[in-house]
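Containing mmCIF, C-alpha atoms: work.cif.
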data_upload
#
loop_
_atom_site.group_PDB
_atom_site.id
_atom_site.type_symbol
_atom_site.label_atom_id
_atom_site.label_comp_id
_atom_site.auth_asym_id
_atom_site.auth_seq_id
_atom_site.Cartn_x
_atom_site.Cartn_y
_atom_site.Cartn_z
ATOM 1 C CA MET I 1 4.553 -16.334 -28.889
ATOM 2 C CA TYR I 2 0.742 -16.250 -28.724
ATOM 3 C CA SER I 3 0.550 -20.016 -28.309
ATOM 4 C CA TYR I 4 3.095 -19.789 -25.471
ATOM 5 C CA ILE I 5 1.051 -17.096 -23.701
ATOM 6 C CA LEU I 6 -2.101 -19.207 -24.004
ATOM 7 C CA LYS I 7 -0.267 -22.238 -22.616
ATOM 8 C CA ARG I 8 0.973 -20.205 -19.660
ATOM 9 C CA ILE I 9 -2.503 -18.812 -18.996
ATOM 10 C CA PHE I 10 -3.990 -22.329 -19.002
ATOM 11 C CA ALA I 11 -1.148 -23.427 -16.723
ATOM 12 C CA LEU I 12 -2.333 -20.827 -14.195
ATOM 13 C CA ILE I 13 -5.556 -22.746 -13.585
ATOM 14 C CA PRO I 14 -4.115 -25.652 -11.535
ATOM 15 C CA ILE I 15 -1.760 -23.278 -9.675
ATOM 16 C CA LEU I 16 -4.562 -20.961 -8.629
ATOM 17 C CA PHE I 17 -6.761 -23.949 -7.838
ATOM 18 C CA ILE I 18 -4.170 -25.304 -5.397
ATOM 19 C CA VAL I 19 -3.627 -21.847 -3.895
ATOM 20 C CA SER I 20 -7.363 -21.378 -3.394
ATOM 21 C CA ILE I 21 -7.703 -24.750 -1.646
ATOM 22 C CA VAL I 22 -4.765 -24.127 0.703
ATOM 23 C CA VAL I 23 -5.887 -20.602 1.581
ATOM 24 C CA PHE I 24 -9.532 -21.511 2.071
ATOM 25 C CA PHE I 25 -9.003 -24.487 4.343
ATOM 26 C CA ILE I 26 -6.163 -22.973 6.390
ATOM 27 C CA ILE I 27 -8.281 -19.910 7.139
ATOM 28 C CA HIS I 28 -11.391 -21.919 7.985
ATOM 29 C CA LEU I 29 -9.536 -24.406 10.167
ATOM 30 C CA THR I 30 -7.955 -21.741 12.393
ATOM 31 C CA PRO I 31 -9.553 -21.325 15.844
ATOM 32 C CA GLY I 32 -12.464 -18.896 16.047
ATOM 33 C CA ASP I 33 -14.986 -17.804 13.475
ATOM 34 C CA PRO I 34 -16.766 -14.573 12.472
ATOM 35 C CA ALA I 35 -19.976 -15.466 14.329
ATOM 36 C CA SER I 36 -18.216 -15.982 17.662
ATOM 37 C CA PHE I 37 -16.211 -12.795 17.166
ATOM 38 C CA MET I 38 -19.285 -10.720 16.330
ATOM 39 C CA LEU I 39 -21.330 -11.952 19.316
ATOM 40 C CA GLY I 40 -18.482 -11.781 21.827
ATOM 41 C CA GLU I 41 -17.461 -14.066 24.654
ATOM 42 C CA ASP I 42 -20.769 -13.780 26.503
ATOM 43 C CA ALA I 43 -22.801 -15.309 23.637
ATOM 44 C CA THR I 44 -24.377 -18.706 24.184
ATOM 45 C CA THR I 45 -23.714 -21.701 21.972
ATOM 46 C CA GLU I 46 -27.250 -21.476 20.566
ATOM 47 C CA GLU I 47 -26.787 -17.830 19.585
ATOM 48 C CA VAL I 48 -23.481 -18.578 17.868
ATOM 49 C CA GLU I 49 -24.928 -21.539 15.972
ATOM 50 C CA LYS I 50 -27.907 -19.470 14.856
ATOM 51 C CA LEU I 51 -25.697 -16.700 13.499
ATOM 52 C CA GLN I 52 -23.443 -19.260 11.795
ATOM 53 C CA GLN I 53 -26.501 -20.667 10.059
ATOM 54 C CA GLU I 54 -27.563 -17.199 8.900
ATOM 55 C CA MET I 55 -24.057 -16.529 7.561
ATOM 56 C CA GLY I 56 -23.839 -19.909 5.850
ATOM 57 C CA LEU I 57 -20.934 -21.042 8.031
ATOM 58 C CA ASP I 58 -22.743 -24.178 9.193
ATOM 59 C CA ALA I 59 -22.488 -25.809 5.761
ATOM 60 C CA PRO I 60 -19.719 -28.389 5.143
ATOM 61 C CA LEU I 61 -16.402 -26.812 4.196
ATOM 62 C CA TYR I 62 -16.365 -28.352 0.731
ATOM 63 C CA ARG I 63 -19.746 -26.756 -0.058
ATOM 64 C CA GLN I 64 -18.547 -23.391 1.210
ATOM 65 C CA TYR I 65 -15.418 -23.763 -0.932
ATOM 66 C CA ILE I 66 -17.342 -24.676 -4.078
ATOM 67 C CA GLY I 67 -19.656 -21.707 -3.588
ATOM 68 C CA TRP I 68 -16.710 -19.359 -3.104
ATOM 69 C CA VAL I 69 -14.863 -20.643 -6.191
ATOM 70 C CA ILE I 70 -17.959 -20.337 -8.385
ATOM 71 C CA GLY I 71 -18.418 -16.778 -7.172
ATOM 72 C CA ALA I 72 -14.732 -15.922 -7.740
ATOM 73 C CA LEU I 73 -14.920 -17.193 -11.337
ATOM 74 C CA THR I 74 -17.712 -14.707 -11.974
ATOM 75 C CA GLY I 75 -15.887 -11.837 -10.258
ATOM 76 C CA ASP I 76 -17.756 -12.158 -6.962
ATOM 77 C CA LEU I 77 -15.278 -12.616 -4.093
ATOM 78 C CA GLY I 78 -17.993 -12.604 -1.473
ATOM 79 C CA PHE I 79 -19.321 -10.160 1.105
ATOM 80 C CA SER I 80 -17.452 -8.887 4.141
ATOM 81 C CA TYR I 81 -19.054 -10.055 7.368
ATOM 82 C CA PHE I 82 -17.988 -6.985 9.321
ATOM 83 C CA MET I 83 -17.738 -4.127 6.843
ATOM 84 C CA ASN I 84 -21.029 -4.931 5.150
ATOM 85 C CA GLU I 85 -19.565 -4.389 1.702
ATOM 86 C CA PRO I 86 -18.558 -6.597 -1.253
ATOM 87 C CA VAL I 87 -14.964 -7.828 -0.947
ATOM 88 C CA ILE I 88 -14.074 -6.650 -4.444
ATOM 89 C CA ASN I 89 -15.123 -3.102 -3.500
ATOM 90 C CA LEU I 90 -13.079 -3.210 -0.284
ATOM 91 C CA ILE I 91 -9.982 -4.365 -2.133
ATOM 92 C CA GLY I 92 -10.495 -1.723 -4.810
ATOM 93 C CA SER I 93 -10.755 1.062 -2.225
ATOM 94 C CA HIS I 94 -7.625 -0.067 -0.335
ATOM 95 C CA ILE I 95 -5.319 -1.181 -3.133
ATOM 96 C CA ILE I 96 -4.363 2.265 -4.482
ATOM 97 C CA PRO I 97 -2.122 3.300 -1.519
ATOM 98 C CA THR I 98 -0.475 -0.132 -1.553
ATOM 99 C CA LEU I 99 0.267 0.015 -5.280
ATOM 100 C CA GLU I 100 1.605 3.568 -4.955
ATOM 101 C CA ILE I 101 4.013 2.609 -2.183
ATOM 102 C CA ALA I 102 5.103 -0.541 -4.020
ATOM 103 C CA LEU I 103 5.665 1.273 -7.326
ATOM 104 C CA ILE I 104 7.632 4.129 -5.727
ATOM 105 C CA GLY I 105 9.701 1.591 -3.807
ATOM 106 C CA GLU I 106 10.306 -0.316 -7.041
ATOM 107 C CA ILE I 107 11.404 2.839 -8.867
ATOM 108 C CA ILE I 108 13.808 3.638 -6.022
ATOM 109 C CA ALA I 109 15.178 0.089 -6.129
ATOM 110 C CA ILE I 110 15.657 0.085 -9.901
ATOM 111 C CA ILE I 111 17.307 3.510 -10.222
ATOM 112 C CA ILE I 112 19.595 3.369 -7.181
ATOM 113 C CA GLY I 113 20.219 -0.374 -7.449
ATOM 114 C CA LEU I 114 21.284 -0.164 -11.095
ATOM 115 C CA ILE I 115 23.554 2.822 -10.482
ATOM 116 C CA LEU I 116 25.250 1.239 -7.462
ATOM 117 C CA GLY I 117 25.581 -2.104 -9.232
ATOM 118 C CA ILE I 118 27.126 -0.586 -12.353
ATOM 119 C CA VAL I 119 29.571 1.558 -10.368
ATOM 120 C CA SER I 120 30.525 -1.412 -8.209
ATOM 121 C CA ALA I 121 31.122 -3.631 -11.262
ATOM 122 C CA LYS I 122 33.238 -0.966 -12.969
ATOM 123 C CA LYS I 123 35.312 -0.533 -9.810
ATOM 124 C CA GLN I 124 35.536 -4.241 -9.006
ATOM 125 C CA GLY I 125 37.847 -4.984 -6.089
ATOM 126 C CA SER I 126 38.236 -1.348 -5.066
ATOM 127 C CA ILE I 127 37.339 0.207 -1.722
ATOM 128 C CA LEU I 128 34.289 1.776 -3.379
ATOM 129 C CA ASP I 129 33.152 -1.649 -4.587
ATOM 130 C CA GLN I 130 33.590 -3.195 -1.153
ATOM 131 C CA SER I 131 31.800 -0.269 0.496
ATOM 132 C CA ILE I 132 28.800 -0.522 -1.837
ATOM 133 C CA MET I 133 28.526 -4.282 -1.346
ATOM 134 C CA GLY I 134 28.854 -3.874 2.422
ATOM 135 C CA ILE I 135 26.055 -1.310 2.491
ATOM 136 C CA SER I 136 23.978 -3.555 0.231
ATOM 137 C CA LEU I 137 24.438 -6.498 2.577
ATOM 138 C CA PHE I 138 23.354 -4.309 5.490
ATOM 139 C CA GLY I 139 20.312 -3.115 3.534
ATOM 140 C CA MET I 140 19.245 -6.691 2.833
ATOM 141 C CA ALA I 141 19.703 -7.696 6.477
ATOM 142 C CA VAL I 142 17.671 -4.902 8.108
ATOM 143 C CA PRO I 143 13.930 -5.745 8.269
ATOM 144 C CA ASN I 144 11.697 -3.112 6.684
ATOM 145 C CA PHE I 145 9.749 -2.561 9.900
ATOM 146 C CA ILE I 146 12.978 -1.688 11.773
ATOM 147 C CA LEU I 147 13.986 0.695 9.005
ATOM 148 C CA GLY I 148 10.490 2.170 8.995
ATOM 149 C CA ILE I 149 10.653 2.877 12.729
ATOM 150 C CA LEU I 150 14.093 4.500 12.350
ATOM 151 C CA LEU I 151 12.833 6.698 9.509
ATOM 152 C CA LEU I 152 9.857 7.731 11.634
ATOM 153 C CA LEU I 153 12.096 8.554 14.576
ATOM 154 C CA PHE I 154 14.746 10.582 12.778
ATOM 155 C CA VAL I 155 13.219 11.972 9.579
ATOM 156 C CA GLY I 156 9.692 12.384 10.885
ATOM 157 C CA VAL I 157 9.984 13.150 14.602
ATOM 158 C CA GLN I 158 13.449 14.655 15.205
ATOM 159 C CA TRP I 159 13.982 16.440 11.896
ATOM 160 C CA GLY I 160 10.317 17.032 11.054
ATOM 161 C CA VAL I 161 11.019 16.861 7.326
ATOM 162 C CA LEU I 162 8.187 14.515 6.341
ATOM 163 C CA PRO I 163 4.930 13.350 7.946
ATOM 164 C CA ILE I 164 5.319 10.474 10.389
ATOM 165 C CA GLY I 165 2.201 8.685 9.188
ATOM 166 C CA GLY I 166 -1.191 8.905 7.580
ATOM 167 C CA TYR I 167 -2.343 9.273 4.015
ATOM 168 C CA GLN I 168 -3.745 12.034 1.844
ATOM 169 C CA PRO I 169 -5.662 11.334 -1.398
ATOM 170 C CA PHE I 170 -4.394 12.732 -4.679
ATOM 171 C CA ASP I 171 -7.193 15.338 -4.591
ATOM 172 C CA ALA I 172 -5.301 17.089 -1.775
ATOM 173 C CA GLY I 173 -2.588 18.116 -4.235
ATOM 174 C CA PHE I 174 0.428 16.298 -5.637
ATOM 175 C CA TRP I 175 2.933 17.228 -2.919
ATOM 176 C CA ASN I 176 0.467 16.783 -0.065
ATOM 177 C CA HIS I 177 -0.273 13.353 -1.472
ATOM 178 C CA PHE I 178 3.270 12.337 -2.365
ATOM 179 C CA LYS I 179 5.026 13.360 0.866
ATOM 180 C CA TYR I 180 3.066 10.759 2.841
ATOM 181 C CA LEU I 181 4.374 8.000 0.551
ATOM 182 C CA ILE I 182 8.101 8.792 0.612
ATOM 183 C CA LEU I 183 9.094 7.280 3.964
ATOM 184 C CA PRO I 184 7.089 4.043 3.604
ATOM 185 C CA ALA I 185 8.361 3.625 0.044
ATOM 186 C CA ILE I 186 11.967 4.021 1.212
ATOM 187 C CA ALA I 187 11.427 1.600 4.096
ATOM 188 C CA LEU I 188 9.921 -0.892 1.674
ATOM 189 C CA GLY I 189 12.398 -0.410 -1.158
ATOM 190 C CA VAL I 190 15.779 -0.453 0.594
ATOM 191 C CA ALA I 191 16.071 -4.249 0.738
ATOM 192 C CA GLN I 192 15.120 -4.546 -2.937
ATOM 193 C CA THR I 193 17.604 -1.786 -3.789
ATOM 194 C CA ALA I 194 20.368 -3.789 -2.118
ATOM 195 C CA LEU I 195 19.335 -6.972 -3.906
ATOM 196 C CA MET I 196 19.172 -5.124 -7.236
ATOM 197 C CA ALA I 197 22.647 -3.662 -6.712
ATOM 198 C CA ARG I 198 24.194 -7.049 -5.972
ATOM 199 C CA MET I 199 22.518 -8.725 -8.948
ATOM 200 C CA THR I 200 23.479 -5.856 -11.275
ATOM 201 C CA ARG I 201 27.086 -6.039 -10.137
ATOM 202 C CA SER I 202 27.258 -9.796 -10.650
ATOM 203 C CA SER I 203 25.702 -9.657 -14.128
ATOM 204 C CA MET I 204 27.759 -6.664 -15.229
ATOM 205 C CA ILE I 205 31.065 -8.210 -14.133
ATOM 206 C CA GLU I 206 30.310 -11.317 -16.181
ATOM 207 C CA VAL I 207 29.474 -9.276 -19.282
ATOM 208 C CA LEU I 208 32.334 -6.759 -18.922
ATOM 209 C CA THR I 209 34.865 -9.579 -19.160
ATOM 210 C CA SER I 210 33.365 -10.848 -22.439
ATOM 211 C CA SER I 211 35.394 -10.775 -25.640
ATOM 212 C CA TYR I 212 32.989 -8.484 -27.508
ATOM 213 C CA ILE I 213 33.388 -5.843 -24.793
ATOM 214 C CA LYS I 214 37.164 -6.028 -25.180
ATOM 215 C CA THR I 215 36.728 -5.732 -28.955
ATOM 216 C CA ALA I 216 34.528 -2.648 -28.533
ATOM 217 C CA ARG I 217 37.154 -1.022 -26.318
ATOM 218 C CA ALA I 218 39.866 -1.876 -28.852
ATOM 219 C CA LYS I 219 37.822 -0.145 -31.558
ATOM 220 C CA GLY I 220 37.688 3.022 -29.476
ATOM 221 C CA VAL I 221 34.024 2.913 -28.506
ATOM 222 C CA LYS I 222 33.278 5.323 -25.667
ATOM 223 C CA GLU I 223 33.160 3.745 -22.242
ATOM 224 C CA ARG I 224 29.696 5.183 -21.565
ATOM 225 C CA VAL I 225 28.334 3.541 -24.729
ATOM 226 C CA ILE I 226 29.997 0.245 -23.814
ATOM 227 C CA THR I 227 28.524 0.317 -20.315
ATOM 228 C CA ILE I 228 24.956 1.242 -21.235
ATOM 229 C CA SER I 229 24.390 0.006 -24.795
ATOM 230 C CA HIS I 230 26.453 -3.175 -24.685
ATOM 231 C CA ALA I 231 27.119 -4.362 -21.154
ATOM 232 C CA LEU I 232 23.923 -3.348 -19.345
ATOM 233 C CA ARG I 233 21.663 -4.450 -22.188
ATOM 234 C CA ASN I 234 23.174 -7.935 -22.241
ATOM 235 C CA ALA I 235 23.287 -8.163 -18.452
ATOM 236 C CA PHE I 236 19.690 -7.081 -18.018
ATOM 237 C CA LEU I 237 17.882 -10.445 -18.264
ATOM 238 C CA PRO I 238 18.743 -11.689 -14.745
ATOM 239 C CA ILE I 239 18.146 -8.164 -13.450
ATOM 240 C CA LEU I 240 14.682 -8.236 -15.049
ATOM 241 C CA THR I 241 13.897 -11.401 -13.098
ATOM 242 C CA ILE I 242 14.774 -9.629 -9.855
ATOM 243 C CA ILE I 243 12.604 -6.657 -10.844
ATOM 244 C CA GLY I 244 9.600 -8.916 -11.413
ATOM 245 C CA GLN I 245 10.089 -10.797 -8.158
ATOM 246 C CA SER I 246 10.722 -7.631 -6.153
ATOM 247 C CA LEU I 247 7.472 -6.009 -7.283
ATOM 248 C CA GLY I 248 5.523 -8.928 -5.838
ATOM 249 C CA SER I 249 7.627 -8.849 -2.686
ATOM 250 C CA LEU I 250 6.978 -5.131 -2.250
ATOM 251 C CA VAL I 251 3.211 -5.618 -2.431
ATOM 252 C CA ALA I 252 3.413 -8.431 0.127
ATOM 253 C CA GLY I 253 5.801 -6.468 2.352
ATOM 254 C CA ALA I 254 3.430 -3.513 2.441
ATOM 255 C CA VAL I 255 1.382 -5.296 5.127
ATOM 256 C CA VAL I 256 3.857 -4.404 7.886
ATOM 257 C CA THR I 257 4.943 -1.062 6.441
ATOM 258 C CA GLU I 258 1.389 0.237 6.134
ATOM 259 C CA THR I 259 0.728 -0.630 9.748
ATOM 260 C CA ILE I 260 3.783 1.316 10.924
ATOM 261 C CA PHE I 261 2.904 4.393 8.866
ATOM 262 C CA ASN I 262 -0.863 4.106 9.389
ATOM 263 C CA ILE I 263 -1.676 3.923 5.677
ATOM 264 C CA PRO I 264 -5.148 2.601 4.743
ATOM 265 C CA GLY I 265 -3.954 0.069 2.183
ATOM 266 C CA ILE I 266 -4.243 -3.667 1.646
ATOM 267 C CA GLY I 267 -1.921 -4.272 4.601
ATOM 268 C CA GLN I 268 -4.253 -2.681 7.111
ATOM 269 C CA LEU I 269 -7.205 -4.435 5.504
ATOM 270 C CA VAL I 270 -5.468 -7.799 5.918
ATOM 271 C CA ILE I 271 -4.612 -7.196 9.569
ATOM 272 C CA ASN I 272 -8.122 -5.999 10.431
ATOM 273 C CA SER I 273 -9.640 -8.957 8.590
ATOM 274 C CA VAL I 274 -7.377 -11.493 10.291
ATOM 275 C CA SER I 275 -8.101 -10.093 13.753
ATOM 276 C CA SER I 276 -11.861 -10.251 13.106
ATOM 277 C CA ARG I 277 -11.791 -13.611 11.244
ATOM 278 C CA ASP I 278 -13.326 -11.992 8.164
ATOM 279 C CA TYR I 279 -12.799 -15.050 5.983
ATOM 280 C CA THR I 280 -14.050 -13.718 2.673
ATOM 281 C CA VAL I 281 -11.814 -10.637 2.725
ATOM 282 C CA ILE I 282 -8.668 -12.631 3.543
ATOM 283 C CA GLN I 283 -9.443 -15.201 0.839
ATOM 284 C CA GLY I 284 -10.057 -12.493 -1.757
ATOM 285 C CA ILE I 285 -6.836 -10.618 -0.983
ATOM 286 C CA VAL I 286 -4.658 -13.736 -1.031
ATOM 287 C CA LEU I 287 -6.210 -14.889 -4.300
ATOM 288 C CA ILE I 288 -5.602 -11.533 -5.977
ATOM 289 C CA VAL I 289 -1.996 -11.411 -4.719
ATOM 290 C CA ALA I 290 -1.419 -14.941 -6.051
ATOM 291 C CA VAL I 291 -2.846 -14.000 -9.456
ATOM 292 C CA SER I 292 -0.654 -10.880 -9.509
ATOM 293 C CA TYR I 293 2.492 -12.911 -8.786
ATOM 294 C CA VAL I 294 1.778 -15.337 -11.613
ATOM 295 C CA LEU I 295 0.902 -12.580 -14.099
ATOM 296 C CA ILE I 296 4.084 -10.653 -13.247
ATOM 297 C CA ASN I 297 6.149 -13.779 -13.900
ATOM 298 C CA LEU I 298 4.358 -14.237 -17.225
ATOM 299 C CA LEU I 299 5.093 -10.626 -18.178
ATOM 300 C CA VAL I 300 8.772 -11.087 -17.296
ATOM 301 C CA ASP I 301 8.977 -14.169 -19.526
ATOM 302 C CA ILE I 302 7.450 -12.230 -22.413
ATOM 303 C CA LEU I 303 9.876 -9.342 -21.912
ATOM 304 C CA TYR I 304 12.765 -11.817 -22.154
ATOM 305 C CA SER I 305 12.029 -12.388 -25.833
ATOM 306 C CA VAL I 306 11.608 -8.640 -26.430
ATOM 307 C CA LEU I 307 14.989 -7.791 -24.903
ATOM 308 C CA ASP I 308 16.799 -10.797 -26.368
ATOM 309 C CA PRO I 309 15.592 -11.890 -29.848
ATOM 310 C CA ARG I 310 17.564 -15.128 -29.443
ATOM 311 C CA ILE I 311 14.943 -16.318 -26.966
ATOM 312 C CA TYR I 312 12.060 -17.926 -28.809
ATOM 313 C CA TYR I 313 8.934 -19.381 -27.268
ATOM 314 C CA ASP I 314 7.122 -22.082 -29.165
#

What do you get writing this file as structure tokens?
Amino acid sequence: MYSYILKRIFALIPILFIVSIVVFFIIHLTPGDPASFMLGEDATTEEVEKLQQEMGLDAPLYRQYIGWVIGALTGDLGFSYFMNEPVINLIGSHIIPTLEIALIGEIIAIIIGLILGIVSAKKQGSILDQSIMGISLFGMAVPNFILGILLLLFVGVQWGVLPIGGYQPFDAGFWNHFKYLILPAIALGVAQTALMARMTRSSMIEVLTSSYIKTARAKGVKERVITISHALRNAFLPILTIIGQSLGSLVAGAVVTETIFNIPGIGQLVINSVSSRDYTVIQGIVLIVAVSYVLINLLVDILYSVLDPRIYYD
């Protein structure tokens, strides 16, 4: 197991290297640059070139890339051109709301998705099964920004049940903090809930038709024990894959959701940085998201062997 983990960690190096190259050069080759944005349209060419030289943007791209990679390896993701603050500090101050929304959305997806999937599998072919799958298909088809706007309109504006936007730190009290996260978490988690329900149903149906399940029923084992202890446990591996992938998708999807609900998370930081061509911030965020994706996949692989002892990594 330990040798497998080390191999996977070493395998991350070329992946992250390729990601860093693609991100760096795509960002730097897009029209516009921080110097031109800071000085405005009325700036002369000489003024722009002077500021580029001061910011180090006049150096060849490969030198800028090497300098950025060396800094990233030591934990230095650079300095924001516009916010006058280290990138790592900016990400640290904005990542908490994003992680909270993503985790709440993931919890919603796991709990509701598993319940709907299990019920649908147990009632395969019934009207209830078809209804759940129809709703799931609708949930997967509706973009999260459309759902977010609908939640704002009905739950926030017309019913006035929850705040329509903004964010309160945890110091303001648990409920005052939590109520601002409910709507964005729902908007973010519905699609993953639908996907989780469909995957759970598919895996459960396959397991419920197995011979050992029929044997357990013949022995008089309670249906609840069969469903949870036998069927769900053996059907959980593909569901675990979806859980790992959905967590990464929720973090990435928070960009749009945070904008709709005016939450000061990574999403808003990305949009502000893109609009101002703040290269170092964009590069740092994308690199951290890429690392998170790979680490989540590694964790899922490790959990495979924990849940199923038959899986052995050499």

In Å, rounded to a single decimal, give me how far CA of Leu250 (chain I) is from CA of Ile115 (chain I).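 CA of Ile115 (chain I) sits 20.1 Å away from CA of Leu250 (chain I).
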
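Between CA of Asp129 (chain I) and CA of Met196 (chain I) the interatomic distance comes to 14.6 Å.
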
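Among I:Ser126, I:Asn144, I:Thr259, I:Thr30, the residue with the shortest atom-to-atom distance to Tyr167 (chain I), counting all atoms listed in the file, is I:Thr259.
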
Determine, counting only C-alpha atoms, which protein, DNA and RNA residues have an atom within 10 Å of an atom of Ser273 (chain I); residues of the same chain fewer than 5 positions away are not included. Present the result as a JSON list (two decimals) with C-alpha atoms, in the frame of the given file.
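For reference, result.json as written:
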[["chain", "number", "residue", "atom", "x", "y", "z"],
["I", 34, "PRO", "CA", -16.77, -14.57, 12.47],
["I", 80, "SER", "CA", -17.45, -8.89, 4.14],
["I", 81, "TYR", "CA", -19.05, -10.06, 7.37],
["I", 82, "PHE", "CA", -17.99, -6.98, 9.32],
["I", 83, "MET", "CA", -17.74, -4.13, 6.84],
["I", 267, "GLY", "CA", -1.92, -4.27, 4.60],
["I", 268, "GLN", "CA", -4.25, -2.68, 7.11],
["I", 278, "ASP", "CA", -13.33, -11.99, 8.16],
["I", 279, "TYR", "CA", -12.80, -15.05, 5.98],
["I", 280, "THR", "CA", -14.05, -13.72, 2.67],
["I", 281, "VAL", "CA", -11.81, -10.64, 2.72],
["I", 282, "ILE", "CA", -8.67, -12.63, 3.54],
["I", 283, "GLN", "CA", -9.44, -15.20, 0.84]]

Output the residue selection produced by the PyMOL selection byres ((chain I and resi 189) around 12) on the file above, formatted as a compact mmCIF listing (two decimals) with C-alpha atoms, in the coordinates of the input.
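Ended up saving to selection24.txt:
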# COMPACT_ATOMS: atom_id res chain seq x y z
CA ILE I 101 4.01 2.61 -2.18
CA ALA I 102 5.10 -0.54 -4.02
CA LEU I 103 5.66 1.27 -7.33
CA ILE I 104 7.63 4.13 -5.73
CA GLY I 105 9.70 1.59 -3.81
CA GLU I 106 10.31 -0.32 -7.04
CA ILE I 107 11.40 2.84 -8.87
CA ILE I 108 13.81 3.64 -6.02
CA ALA I 109 15.18 0.09 -6.13
CA ILE I 110 15.66 0.08 -9.90
CA ILE I 111 17.31 3.51 -10.22
CA ILE I 112 19.60 3.37 -7.18
CA GLY I 113 20.22 -0.37 -7.45
CA GLY I 139 20.31 -3.12 3.53
CA MET I 140 19.24 -6.69 2.83
CA VAL I 142 17.67 -4.90 8.11
CA PRO I 143 13.93 -5.74 8.27
CA ASN I 144 11.70 -3.11 6.68
CA PHE I 145 9.75 -2.56 9.90
CA LEU I 147 13.99 0.70 9.01
CA GLY I 148 10.49 2.17 8.99
CA LEU I 181 4.37 8.00 0.55
CA ILE I 182 8.10 8.79 0.61
CA LEU I 183 9.09 7.28 3.96
CA PRO I 184 7.09 4.04 3.60
CA ALA I 185 8.36 3.62 0.04
CA ILE I 186 11.97 4.02 1.21
CA ALA I 187 11.43 1.60 4.10
CA LEU I 188 9.92 -0.89 1.67
CA VAL I 190 15.78 -0.45 0.59
CA ALA I 191 16.07 -4.25 0.74
CA GLN I 192 15.12 -4.55 -2.94
CA THR I 193 17.60 -1.79 -3.79
CA ALA I 194 20.37 -3.79 -2.12
CA LEU I 195 19.34 -6.97 -3.91
CA MET I 196 19.17 -5.12 -7.24
CA ILE I 243 12.60 -6.66 -10.84
CA SER I 246 10.72 -7.63 -6.15
CA LEU I 247 7.47 -6.01 -7.28
CA GLY I 248 5.52 -8.93 -5.84
CA SER I 249 7.63 -8.85 -2.69
CA LEU I 250 6.98 -5.13 -2.25
CA VAL I 251 3.21 -5.62 -2.43
CA GLY I 253 5.80 -6.47 2.35
CA ALA I 254 3.43 -3.51 2.44
CA THR I 257 4.94 -1.06 6.44

I would like the residues chosen by the PyMOL selection byres ((chain I and resi 212-216) around 12) on the shown file; could you give them as a ChimeraX atom specification? /I:204-211,217-232,234

Take the residues just selected and output them with C-alpha atoms as an mmCIF file, in the coordinates of the input.
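Done, and the output landed in selection_11.cif:
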data_model
loop_
_atom_site.group_PDB
_atom_site.id
_atom_site.type_symbol
_atom_site.label_atom_id
_atom_site.label_comp_id
_atom_site.auth_asym_id
_atom_site.auth_seq_id
_atom_site.Cartn_x
_atom_site.Cartn_y
_atom_site.Cartn_z
ATOM 1 C CA MET I 204 27.759 -6.664 -15.229
ATOM 2 C CA ILE I 205 31.065 -8.210 -14.133
ATOM 3 C CA GLU I 206 30.310 -11.317 -16.181
ATOM 4 C CA VAL I 207 29.474 -9.276 -19.282
ATOM 5 C CA LEU I 208 32.334 -6.759 -18.922
ATOM 6 C CA THR I 209 34.865 -9.579 -19.160
ATOM 7 C CA SER I 210 33.365 -10.848 -22.439
ATOM 8 C CA SER I 211 35.394 -10.775 -25.640
ATOM 9 C CA ARG I 217 37.154 -1.022 -26.318
ATOM 10 C CA ALA I 218 39.866 -1.876 -28.852
ATOM 11 C CA LYS I 219 37.822 -0.145 -31.558
ATOM 12 C CA GLY I 220 37.688 3.022 -29.476
ATOM 13 C CA VAL I 221 34.024 2.913 -28.506
ATOM 14 C CA LYS I 222 33.278 5.323 -25.667
ATOM 15 C CA GLU I 223 33.160 3.745 -22.242
ATOM 16 C CA ARG I 224 29.696 5.183 -21.565
ATOM 17 C CA VAL I 225 28.334 3.541 -24.729
ATOM 18 C CA ILE I 226 29.997 0.245 -23.814
ATOM 19 C CA THR I 227 28.524 0.317 -20.315
ATOM 20 C CA ILE I 228 24.956 1.242 -21.235
ATOM 21 C CA SER I 229 24.390 0.006 -24.795
ATOM 22 C CA HIS I 230 26.453 -3.175 -24.685
ATOM 23 C CA ALA I 231 27.119 -4.362 -21.154
ATOM 24 C CA LEU I 232 23.923 -3.348 -19.345
ATOM 25 C CA ASN I 234 23.174 -7.935 -22.241
#

For region 104-121 of chain I, take all atoms listed in the file, fit an axis-aligned box around them, add 8 Å to each of the six sides, then output centre and edge lengths in Å rounded to one decimal, as JSON.
{"center_x": 19.4, "center_y": 0.2, "center_z": -8.1, "size_x": 39.5, "size_y": 23.8, "size_z": 24.5}

How many Å lie between CA of Asn176 (chain I) and CA of Ile271 (chain I), rounded to one decimal? 26.3 Å

For the structure shown, which residues end up in the PyMOL selection byres ((chain I and resi 32) around 12)? Put them as a compact mmCIF listing (two decimals) with C-alpha atoms, in the frame of the given file, please?
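Everything below was put into out_29.txt:
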# COMPACT_ATOMS: atom_id res chain seq x y z
CA ILE I 27 -8.28 -19.91 7.14
CA HIS I 28 -11.39 -21.92 7.98
CA LEU I 29 -9.54 -24.41 10.17
CA THR I 30 -7.96 -21.74 12.39
CA PRO I 31 -9.55 -21.32 15.84
CA ASP I 33 -14.99 -17.80 13.48
CA PRO I 34 -16.77 -14.57 12.47
CA ALA I 35 -19.98 -15.47 14.33
CA SER I 36 -18.22 -15.98 17.66
CA PHE I 37 -16.21 -12.80 17.17
CA MET I 38 -19.28 -10.72 16.33
CA LEU I 39 -21.33 -11.95 19.32
CA GLY I 40 -18.48 -11.78 21.83
CA GLU I 41 -17.46 -14.07 24.65
CA VAL I 48 -23.48 -18.58 17.87
CA GLN I 52 -23.44 -19.26 11.80
CA LEU I 57 -20.93 -21.04 8.03
CA VAL I 274 -7.38 -11.49 10.29
CA SER I 275 -8.10 -10.09 13.75
CA SER I 276 -11.86 -10.25 13.11
CA ARG I 277 -11.79 -13.61 11.24
CA ASP I 278 -13.33 -11.99 8.16
CA TYR I 279 -12.80 -15.05 5.98
